[in-house]
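The next block is final19.txt, given as compact mmCIF, C-alpha atoms.
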# COMPACT_ATOMS: atom_id res chain seq x y z
CA MET K 374 25.65 -16.15 40.46
CA ASP K 375 22.04 -17.31 40.73
CA LEU K 376 21.20 -14.56 43.23
CA GLU K 377 21.22 -12.07 40.35
CA VAL K 378 17.61 -13.09 39.70
CA ILE K 379 16.68 -11.37 42.98
CA ALA K 380 18.01 -8.09 41.59
CA THR K 381 15.77 -8.62 38.54
CA ILE K 382 12.78 -9.29 40.81
CA PHE K 383 13.48 -6.07 42.73
CA THR K 384 13.77 -4.14 39.45
CA PHE K 385 10.22 -5.16 38.50
CA GLY K 386 8.74 -5.04 41.99
CA LYS K 387 9.92 -1.57 42.95
CA PHE K 388 7.59 0.18 40.49
CA LEU K 389 4.51 -1.01 42.39
CA ALA K 390 6.21 -1.05 45.82
CA LEU K 391 6.10 -4.84 46.02
CA THR K 392 9.81 -5.21 46.89
CA PRO K 393 12.74 -3.03 47.93
CA SER K 394 14.19 -1.09 45.00
CA SER K 395 17.52 -2.94 45.07
CA MET K 396 19.50 -5.53 47.01
CA ASN K 397 21.23 -2.72 48.92
CA ASN K 398 18.19 -0.55 49.60
CA HIS K 399 18.01 -1.28 53.34
CA ASN K 400 16.81 2.21 54.30
CA PRO K 401 14.62 3.90 51.66
CA HIS K 402 14.80 7.67 51.39
CA CYS K 403 11.82 9.97 51.92
CA LEU K 404 10.71 10.04 48.27
CA GLN K 405 10.62 6.25 48.18
CA LYS K 406 8.53 6.14 51.33
CA PHE K 407 6.17 8.74 49.89
CA TYR K 408 5.83 6.76 46.66
CA GLU K 409 5.31 3.43 48.41
CA ILE K 410 2.80 4.63 51.00
CA CYS K 411 0.90 7.40 49.22
CA VAL K 412 0.96 6.83 45.47
CA VAL K 413 0.77 3.04 45.44
CA TYR K 414 -1.60 2.86 48.40
CA LEU K 415 -3.97 5.24 46.60
CA LEU K 416 -3.81 2.91 43.60
CA GLN K 417 -4.70 0.00 45.87
CA VAL K 418 -7.67 1.85 47.41
CA THR K 419 -8.85 2.94 43.96
CA GLY K 420 -8.72 -0.65 42.78
CA PHE K 421 -10.64 -1.81 45.84
CA PHE K 422 -13.51 0.64 45.30
CA ALA K 423 -13.46 0.00 41.55
CA ASN K 424 -13.98 -3.67 42.28
CA ILE K 425 -16.91 -2.85 44.57
CA TYR K 426 -18.36 -0.62 41.85
CA CYS K 427 -18.11 -3.38 39.25
CA VAL K 428 -19.72 -5.94 41.58
CA VAL K 429 -23.15 -4.64 42.57
CA TYR K 430 -23.77 -6.35 45.91
CA GLN K 431 -27.50 -5.73 46.04
CA ASN K 432 -28.08 -7.78 42.88
CA LEU K 433 -26.32 -10.85 44.25
CA ALA K 434 -27.85 -13.92 45.87
CA SER K 435 -26.87 -14.76 49.44
CA MET K 436 -24.09 -17.21 48.58
CA GLN K 437 -22.74 -14.99 45.81
CA LEU K 438 -22.80 -12.05 48.21
CA VAL K 439 -20.72 -13.92 50.78
CA LEU K 440 -18.17 -14.97 48.16
CA ALA K 441 -17.95 -11.47 46.67
CA ILE K 442 -17.42 -9.78 50.05
CA LEU K 443 -14.89 -12.42 51.07
CA SER K 444 -12.97 -11.94 47.82
CA ASP K 445 -12.78 -8.17 48.29
CA LEU K 446 -11.65 -8.52 51.91
CA ILE K 447 -8.95 -11.01 50.95
CA HIS K 448 -7.57 -8.73 48.23
CA PHE K 449 -7.63 -5.64 50.42
CA SER K 450 -5.97 -7.47 53.36
CA TYR K 451 -3.38 -9.01 51.07
CA VAL K 452 -2.20 -5.74 49.54
CA PHE K 453 -2.37 -4.00 52.94
CA TYR K 454 -0.07 -6.71 54.29
CA ILE K 455 2.43 -6.16 51.47
CA LEU K 456 2.46 -2.35 51.56
CA ILE K 457 2.36 -1.81 55.31
CA VAL K 458 3.66 -4.94 57.03
CA MET K 459 6.19 -6.25 54.51
CA MET K 460 7.49 -2.98 53.06
CA ARG K 461 7.55 -1.07 56.33
CA VAL K 462 7.64 -3.35 59.38
CA ARG K 463 9.43 -6.41 57.99
CA ARG K 464 11.50 -4.89 55.22
CA SER K 465 14.75 -6.24 56.71
CA ARG K 466 13.53 -9.84 56.18
CA TRP K 467 14.30 -9.55 52.45
CA PHE K 468 17.96 -8.82 53.15
CA ARG K 469 18.25 -11.52 55.80
CA LEU K 470 16.98 -14.05 53.27
CA ILE K 471 19.49 -12.85 50.67
CA LYS K 472 22.26 -13.13 53.27
CA SER K 473 21.28 -16.72 54.12
CA LEU K 474 21.18 -17.72 50.45
CA ALA K 475 24.54 -16.08 49.74
CA ALA K 476 26.20 -17.90 52.65
CA VAL K 477 25.56 -21.40 51.24
CA GLN K 478 26.89 -22.72 47.96
CA SER K 479 24.29 -24.04 45.54
CA ALA K 480 24.42 -27.19 43.45
CA PRO K 481 26.20 -26.70 40.10
CA LYS K 482 22.99 -26.78 38.07
CA THR K 483 21.98 -23.91 35.85
CA ILE K 484 18.28 -23.01 35.72
CA PRO K 485 17.42 -19.89 33.66
CA LEU K 486 15.63 -18.19 36.56
CA LYS K 487 15.87 -14.73 35.01
CA LEU K 488 14.27 -15.99 31.83
CA ILE K 489 11.53 -17.75 33.80
CA PHE K 490 10.74 -14.60 35.77
CA VAL K 491 10.74 -12.21 32.81
CA ALA K 492 8.68 -14.65 30.70
CA SER K 493 6.11 -14.99 33.49
CA GLN K 494 5.73 -11.19 33.66
CA LEU K 495 5.24 -10.95 29.90
CA VAL K 496 2.61 -13.70 30.02
CA TYR K 497 0.73 -11.87 32.74
CA TYR K 498 0.89 -8.55 30.88
CA CYS K 499 -0.57 -10.29 27.81
CA LEU K 500 -3.31 -11.78 29.99
CA THR K 501 -4.12 -8.34 31.38
CA ALA K 502 -4.28 -6.86 27.88
CA PHE K 503 -6.64 -9.65 26.87
CA GLY K 504 -8.81 -8.89 29.92
CA ALA K 505 -8.96 -5.18 29.00
CA TYR K 506 -9.98 -6.08 25.44
CA ALA K 507 -12.67 -8.45 26.79
CA ASP K 508 -14.08 -5.67 29.02
CA ILE K 509 -14.16 -3.20 26.14
CA ASP K 510 -15.82 -5.77 23.88
CA ARG K 511 -18.39 -6.69 26.55
CA ALA K 512 -19.17 -3.28 28.05
CA SER K 513 -17.22 -0.09 27.47
CA LEU K 514 -13.90 1.63 27.87
CA THR K 515 -15.04 3.00 31.24
CA VAL K 516 -15.55 -0.49 32.66
CA ALA K 517 -12.15 -1.53 31.32
CA ALA K 518 -10.55 1.50 33.02
CA PHE K 519 -12.21 0.63 36.35
CA ASN K 520 -11.04 -2.97 36.06
CA MET K 521 -7.48 -1.81 35.45
CA GLY K 522 -7.59 -0.52 39.03
CA VAL K 523 -8.15 -4.11 40.14
CA PHE K 524 -5.04 -5.07 38.16
CA TYR K 525 -2.84 -4.12 41.12
CA HIS K 526 -4.56 -6.63 43.40
CA PHE K 527 -4.20 -9.55 41.02
CA TYR K 528 -0.73 -8.58 39.85
CA ALA K 529 0.58 -8.37 43.43
CA MET K 530 -0.69 -11.89 44.08
CA PHE K 531 0.77 -13.21 40.83
CA PHE K 532 4.09 -11.42 41.42
CA TYR K 533 4.52 -12.95 44.85
CA LEU K 534 3.58 -16.41 43.55
CA VAL K 535 6.42 -16.20 41.03
CA CYS K 536 8.80 -14.83 43.69
CA GLU K 537 7.93 -17.69 46.03
CA SER K 538 8.67 -20.30 43.36
CA ILE K 539 12.00 -18.73 42.37
CA LEU K 540 13.20 -18.33 45.96
CA LEU K 541 12.16 -21.91 46.73
CA ILE K 542 14.24 -23.05 43.73
CA LEU K 543 17.21 -21.14 45.19
CA LEU K 544 16.68 -22.78 48.58
CA HIS K 545 16.31 -26.20 46.96
CA SER K 546 19.56 -25.79 45.00
CA ARG K 547 21.40 -25.03 48.24
CA TYR K 548 19.96 -28.03 50.06
CA GLU K 549 20.96 -30.06 47.01
CA GLY K 550 24.47 -28.61 47.26
CA VAL K 551 24.66 -29.68 50.92
CA SER K 552 23.47 -33.18 49.96
CA GLU K 553 26.07 -33.45 47.20
CA SER K 554 28.84 -32.30 49.58
CA LEU K 555 27.83 -35.01 52.02
CA SER K 556 27.72 -37.63 49.23
CA GLN K 557 31.22 -36.66 48.11
CA LEU K 558 32.40 -36.96 51.69
CA ILE K 559 30.99 -40.49 51.88
CA LYS K 560 32.73 -41.48 48.64
CA GLY K 561 36.11 -40.04 49.67
CA ARG K 562 36.07 -40.86 53.38
CA SER K 563 38.63 -43.67 52.93
CA GLN K 564 41.19 -41.10 51.78
CA LEU K 565 40.56 -38.64 54.61
CA HIS K 566 41.57 -38.61 58.25
CA SER K 567 38.92 -38.48 60.95
CA LYS K 568 39.83 -34.88 61.82
CA GLN K 569 39.39 -33.82 58.19
CA ILE K 570 35.97 -35.46 58.04
CA VAL K 571 34.98 -33.78 61.30
CA GLU K 572 35.98 -30.35 59.93
CA ILE K 573 33.99 -30.92 56.75
CA LEU K 574 30.99 -32.03 58.79
CA LYS K 575 31.17 -28.85 60.86
CA LYS K 576 31.05 -26.75 57.67
CA ILE K 577 28.09 -28.74 56.35
CA LYS K 578 26.31 -28.39 59.70
CA LYS K 579 26.81 -24.62 59.54
CA SER K 580 25.21 -24.63 56.09
CA VAL K 581 22.22 -26.61 57.41
CA LEU K 582 21.72 -24.11 60.26
CA THR K 583 22.01 -21.18 57.85
CA LEU K 584 19.44 -22.70 55.49
CA LYS K 585 17.09 -23.34 58.39
CA GLU K 586 17.28 -19.65 59.25
CA GLY K 587 16.62 -18.85 55.58
CA VAL K 588 13.50 -21.02 55.60
CA GLU K 589 12.21 -19.24 58.72
CA VAL K 590 12.76 -15.86 57.06
CA PHE K 591 11.00 -17.16 53.93
CA ASN K 592 8.02 -18.08 56.12
CA ASP K 593 8.03 -14.60 57.65
CA ILE K 594 7.96 -12.99 54.21
CA PHE K 595 5.64 -15.29 52.29
CA GLY K 596 3.63 -17.15 54.95
CA TRP K 597 0.69 -14.74 54.92
CA SER K 598 1.03 -14.32 51.16
CA ILE K 599 0.62 -18.07 50.63
CA LEU K 600 -2.38 -18.15 52.97
CA PHE K 601 -4.13 -15.23 51.25
CA THR K 602 -3.35 -16.67 47.81
CA ILE K 603 -4.85 -20.06 48.62
CA PHE K 604 -7.99 -18.45 50.08
CA SER K 605 -8.32 -16.12 47.10
CA CYS K 606 -7.80 -18.85 44.52
CA VAL K 607 -10.31 -21.20 46.15
CA ASN K 608 -12.81 -18.36 46.47
CA ARG K 609 -12.43 -17.27 42.83
CA THR K 610 -12.73 -20.89 41.69
CA LEU K 611 -15.98 -21.25 43.63
CA VAL K 612 -17.34 -17.99 42.18
CA TYR K 613 -16.47 -19.11 38.66
CA ILE K 614 -18.05 -22.55 39.08
CA ASP K 615 -21.13 -20.93 40.62
CA VAL K 616 -21.49 -18.65 37.59
CA VAL K 617 -21.01 -21.52 35.14
CA ILE K 618 -23.60 -23.70 36.91
CA LYS K 619 -26.28 -21.03 37.23
CA HIS K 620 -25.66 -19.12 34.01
CA SER K 621 -24.49 -21.65 31.44
CA ASP K 622 -25.94 -19.46 28.68
CA LEU K 623 -23.09 -16.96 29.24
CA TRP K 624 -20.85 -19.13 27.06
CA LEU K 625 -23.01 -18.16 24.09
CA GLY K 626 -23.29 -14.46 24.87
CA PRO K 627 -21.03 -11.38 24.82
CA HIS K 628 -19.44 -12.38 28.14
CA VAL K 629 -17.55 -15.33 26.68
CA LEU K 630 -14.22 -13.47 26.40
CA VAL K 631 -14.48 -12.36 30.04
CA LEU K 632 -15.11 -15.98 31.08
CA TYR K 633 -12.03 -17.13 29.15
CA HIS K 634 -9.99 -14.40 30.81
CA ASP K 635 -11.20 -15.50 34.24
CA VAL K 636 -10.31 -19.12 33.44
CA PHE K 637 -6.75 -18.15 32.46
CA ARG K 638 -6.32 -15.98 35.56
CA ILE K 639 -7.55 -18.73 37.88
CA LEU K 640 -5.32 -21.31 36.16
CA THR K 641 -2.22 -19.14 36.59
CA SER K 642 -2.99 -18.90 40.32
CA TRP K 643 -3.41 -22.66 40.63
CA VAL K 644 -0.15 -23.25 38.75
CA GLY K 645 1.62 -20.94 41.20
CA ILE K 646 0.09 -22.64 44.23
CA LEU K 647 0.97 -26.11 42.93
CA SER K 648 4.51 -24.96 42.18
CA THR K 649 4.90 -23.63 45.73
CA ILE K 650 3.53 -26.81 47.31
CA PHE K 651 5.67 -29.21 45.28
CA LEU K 652 8.85 -27.15 45.69
CA CYS K 653 8.36 -27.08 49.47
CA ASP K 654 7.81 -30.83 49.45
CA SER K 655 10.92 -31.31 47.30
CA ILE K 656 13.05 -29.39 49.80
CA LEU K 657 11.73 -31.59 52.63
CA LYS K 658 12.69 -34.70 50.64
CA LYS K 659 16.15 -33.26 50.03
CA CYS K 660 16.57 -32.77 53.78
CA ASP K 661 15.58 -36.42 54.33
CA GLU K 662 18.26 -37.36 51.79
CA ILE K 663 20.84 -35.38 53.78
CA LEU K 664 19.81 -37.21 56.94
CA ALA K 665 20.05 -40.62 55.22
CA ASN K 666 23.56 -39.81 53.98
CA ALA K 667 24.56 -38.75 57.50
CA TYR K 668 23.48 -42.15 58.86
CA ARG K 669 25.49 -43.86 56.10
CA LEU K 670 28.59 -41.96 57.18
CA GLY K 671 28.46 -43.26 60.75
CA GLY K 672 30.28 -46.33 62.03
CA HIS K 673 33.48 -45.88 60.00
CA LEU K 674 35.40 -43.37 62.14
CA THR K 675 37.02 -43.09 65.54
CA SER K 676 34.91 -42.55 68.62
CA ASP K 677 35.40 -38.77 68.40
CA GLY K 678 34.45 -38.85 64.72
CA ASN K 679 31.32 -40.90 65.39
CA GLU K 680 30.38 -38.50 68.16
CA GLU K 681 30.63 -35.58 65.75
CA ILE K 682 28.48 -37.46 63.25
CA GLN K 683 25.83 -37.94 65.94
CA VAL K 684 25.99 -34.21 66.68
CA PHE K 685 25.52 -33.55 62.96
CA ILE K 686 22.56 -35.95 62.77
CA ASP K 687 20.95 -34.24 65.77
CA ALA K 688 21.51 -30.85 64.13
CA VAL K 689 19.77 -32.00 60.93
CA LEU K 690 16.89 -33.56 62.87
CA HIS K 691 16.28 -30.44 64.98
CA ASN K 692 16.73 -28.02 62.08
CA ARG K 693 14.61 -29.73 59.48
CA PRO K 694 12.95 -27.08 57.29
CA GLN K 695 9.25 -26.51 57.84
CA PHE K 696 7.22 -24.33 55.52
CA THR K 697 4.04 -22.85 56.94
CA ALA K 698 1.22 -20.59 55.78
CA ALA K 699 1.44 -17.95 58.52
CA ARG K 700 1.79 -20.85 61.02
CA PHE K 701 -1.79 -21.96 60.42
CA PHE K 702 -0.75 -25.15 58.64
CA CYS K 703 2.39 -26.76 57.24
CA ILE K 704 3.00 -26.82 53.50
CA ASP K 705 3.87 -30.14 51.90
CA ARG K 706 2.27 -32.45 49.36
CA SER K 707 -0.65 -33.23 51.69
CA THR K 708 -1.63 -29.54 51.56
CA LEU K 709 -2.92 -30.05 48.03
CA PHE K 710 -5.42 -32.68 49.17
CA SER K 711 -6.56 -30.48 52.07
CA VAL K 712 -7.19 -27.56 49.70
CA LEU K 713 -9.05 -29.75 47.20
CA ASN K 714 -11.10 -31.28 50.01
CA SER K 715 -12.15 -27.82 51.23
CA LEU K 716 -12.91 -26.74 47.67
CA THR K 717 -15.11 -29.79 47.12
CA THR K 718 -16.96 -29.24 50.40
CA PHE K 719 -17.80 -25.61 49.59
CA LEU K 720 -18.72 -26.57 46.04
CA LEU K 721 -21.32 -29.00 47.35
CA VAL K 722 -22.75 -26.23 49.51
CA ILE K 723 -22.96 -23.89 46.52
CA ILE K 724 -24.74 -26.52 44.43
CA GLN K 725 -27.47 -26.65 47.09
CA PHE K 726 -28.21 -23.00 46.33
CA LYS K 727 -28.49 -23.58 42.60
CA GLU K 728 -32.24 -23.15 42.41
CA MET K 729 -32.51 -20.39 45.03

Have the structure of the file written as structure tokens, please.
Amino acid sequence: MDLEVIATIFTFGKFLALTPSSMNNHNPHCLQKFYEICVVYLLQVTGFFANIYCVVYQNLASMQLVLAILSDLIHFSYVFYILIVMMRVRRSRWFRLIKSLAAVQSAPKTIPLKLIFVASQLVYYCLTAFGAYADIDRASLTVAAFNMGVFYHFYAMFFYLVCESILLILLHSRYEGVSESLSQLIKGRSQLHSKQIVEILKKIKKSVLTLKEGVEVFNDIFGWSILFTIFSCVNRTLVYIDVVIKHSDLWLGPHVLVLYHDVFRILTSWVGILSTIFLCDSILKKCDEILANAYRLGGHLTSDGNEEIQVFIDAVLHNRPQFTAARFFCIDRSTLFSVLNSLTTFLLVIIQFKEM
């Protein structure tokens, strides 16, 4: 079953208190709570102050200072949200999402989700090792050790980006399964009685309502995560472009490996954001396909059957999935242009400070 990938995600995430320890770990015992709140939170605070230590605020220009402070606040708020809000206050949301996914049959397509997840973790570990080597080559082992404290911030963001994409694939496969069930009903409606069609429609409607609930739970879990990730990625991109514009000679100096590492880290974030946006948009299109098939089914049954079809159409219309970033804005393909527009606007502002 494709939900086994969630168990794999929990296996990786539990070590840094990013997820529950298992799919049945509804109520963690005292040692788990101590580990999640004390040990991991201390790691997060250490990483936060290590980042401040590595970025000397008094040596920064005004625009660089704003970006640096904003970046630190985003990272601290993001991890605080995961450790306190998600793992303590909203822990039950994980299990509600699993329940919604388990209640609806997915389309019979096999995607190696476990392989994708494990491969992504290995890629990130290699990237982190490369970053540690670049710090040692540029400065010293002490700087590399301090930067490893920041690893938790970036890894948490990367981990949740991968989780979002995998869970969106699971949701998409279930919407696709609903669409295929409706298509099969349209093809075989001539061999079925009106009552049989009505019963099948009721089951499909139940699946649509369950998936809508799953989408709402997904928004509760990952809405703030998506918002923080977009802010962080845009901010880091602006910082990187600012450095490249004002210090182009760094490409010829000892900092070149660090710059390459930053490029790779920023690119992985953008890939995750793009994946999230396009998967959300794909699910919305699949819902439109379900609605179109429902309209095709009408007009070929008795009055009671047509009435049930209208009820089903109304249910799909009023329970259309909507993905949001903490309810600040909806996530679909247009989100990409909004993000790029904001990035371009801030970039123009930064360029004005080039000579200052």

What lies within 7 Å of stretch 637-644 of chain K using all atoms listed in the file, ignoring chain neighbours under 5 positions off, as a list in words?
Phe531, Cys606 and Thr610 of chain K

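Take atom CA of K:Gln683 and atom CA of K:Lys576: the distance between them is 14.9 Å.
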
Choose the residue, out of K:Ser563, K:Trp597, K:Ala505, K:Gly386, that has the smallest atom-to-atom separation from K:Phe701; count only C-alpha atoms.
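Using only C-alpha atoms, K:Phe701 sits closest to K:Trp597.
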
Would you list the contacts of K:Arg706 as a compact mmCIF listing (two decimals) with C-alpha atoms, in the coordinates of the input, taking every protein, DNA or RNA residue within 7 Å and counting all atoms listed in the file, but skipping same-chain residues closer than 2 positions in sequence?
# COMPACT_ATOMS: atom_id res chain seq x y z
CA ILE K 650 3.53 -26.81 47.31
CA PHE K 651 5.67 -29.21 45.28
CA ASP K 654 7.81 -30.83 49.45
CA THR K 708 -1.63 -29.54 51.56
CA LEU K 709 -2.92 -30.05 48.03

Nearest to K:Glu680 by atom-to-atom distance, counting all atoms listed in the file, from K:Ala492, K:Leu574, K:Ile542, K:Met530
K:Leu574

Test item: which residues lie within 12 Å of (23.7, -25.2, 38.9) counting all atoms listed in the file, as a PyMOL selection string:
chain K and resi 374-376+478-486+542-543+545-547+549-550+553

Only C-alpha atoms, please: the residues just picked out, written as an mmCIF file, in the coordinates of the input.
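Listed below is the output, out15.cif:
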data_model
loop_
_atom_site.group_PDB
_atom_site.id
_atom_site.type_symbol
_atom_site.label_atom_id
_atom_site.label_comp_id
_atom_site.auth_asym_id
_atom_site.auth_seq_id
_atom_site.Cartn_x
_atom_site.Cartn_y
_atom_site.Cartn_z
ATOM 1 C CA MET K 374 25.650 -16.150 40.460
ATOM 2 C CA ASP K 375 22.040 -17.310 40.730
ATOM 3 C CA LEU K 376 21.200 -14.560 43.230
ATOM 4 C CA GLN K 478 26.890 -22.720 47.960
ATOM 5 C CA SER K 479 24.290 -24.040 45.540
ATOM 6 C CA ALA K 480 24.420 -27.190 43.450
ATOM 7 C CA PRO K 481 26.200 -26.700 40.100
ATOM 8 C CA LYS K 482 22.990 -26.780 38.070
ATOM 9 C CA THR K 483 21.980 -23.910 35.850
ATOM 10 C CA ILE K 484 18.280 -23.010 35.720
ATOM 11 C CA PRO K 485 17.420 -19.890 33.660
ATOM 12 C CA LEU K 486 15.630 -18.190 36.560
ATOM 13 C CA ILE K 542 14.240 -23.050 43.730
ATOM 14 C CA LEU K 543 17.210 -21.140 45.190
ATOM 15 C CA HIS K 545 16.310 -26.200 46.960
ATOM 16 C CA SER K 546 19.560 -25.790 45.000
ATOM 17 C CA ARG K 547 21.400 -25.030 48.240
ATOM 18 C CA GLU K 549 20.960 -30.060 47.010
ATOM 19 C CA GLY K 550 24.470 -28.610 47.260
ATOM 20 C CA GLU K 553 26.070 -33.450 47.200
#

Of the candidates K:Ser395, K:Met459, K:Ile603, K:Gln725, which shows the shortest atom-to-atom distance to K:Val712, using all atoms listed in the file?
K:Ile603

Residue among K:Ser707, K:Ser450, K:Asn592, K:Ser580 lying closest to K:Phe685, counting only C-alpha atoms:
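Selected residue with least distance to K:Phe685: K:Ser580.
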
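Note that atom CA of K:Ile577 and atom CA of K:Val551 are 6.5 Å apart.
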
Taking into account only C-alpha atoms, which residue in the set K:Leu690, K:Ala665, K:Val607, K:Leu721 is nearest to K:Ile447?
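Distance minimum relative to K:Ile447 lands on K:Val607.
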
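Atom CA of K:His526 lies 8.1 Å from atom CA of K:Tyr451.
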
Give as a list in words the set of residues within 9 Å of the point (18.2, -24.7, 56.2), where distances use the file's coordinates and only C-alpha atoms.
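Answer for this query, in the requested form: Ser473, Leu544, Arg547, Tyr548, Ser580, Val581, Leu582, Thr583, Leu584, Lys585, Glu586, Gly587, Val588, Glu589, Cys660, Val689, Asn692, Arg693 and Pro694 of chain K.
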
Mind working out the centre and edge lengths of an axis-aligned box for stretch 538-544 of chain K, all listed atoms inside, 4 Å added to each side, rounded to one decimal in Å and written as AutoDock Vina command-line options?
--center_x 12.9 --center_y -20.7 --center_z 45.5 --size_x 16.5 --size_y 12.7 --size_z 14.2

Between K:Lys487, K:Arg609, K:His448, K:Arg562, which is the closest to K:Cys536 once you count only C-alpha atoms?
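Smallest separation from K:Cys536 among the options: K:Lys487.
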
Which residues, written as a PyMOL selection string, have at least one atom at most 7 Å from K:Gly596, with all atoms listed in the file counted and residues fewer than 6 positions away on the same chain left out?
chain K and resi 697-699

Neighbouring residues of K:Arg466 were defined as those with any atom within 7 Å, considering all atoms listed in the file; residues of the same chain fewer than 3 positions away were excluded. Please report them as a ChimeraX atom specification.
/K:463,469-470,590,594
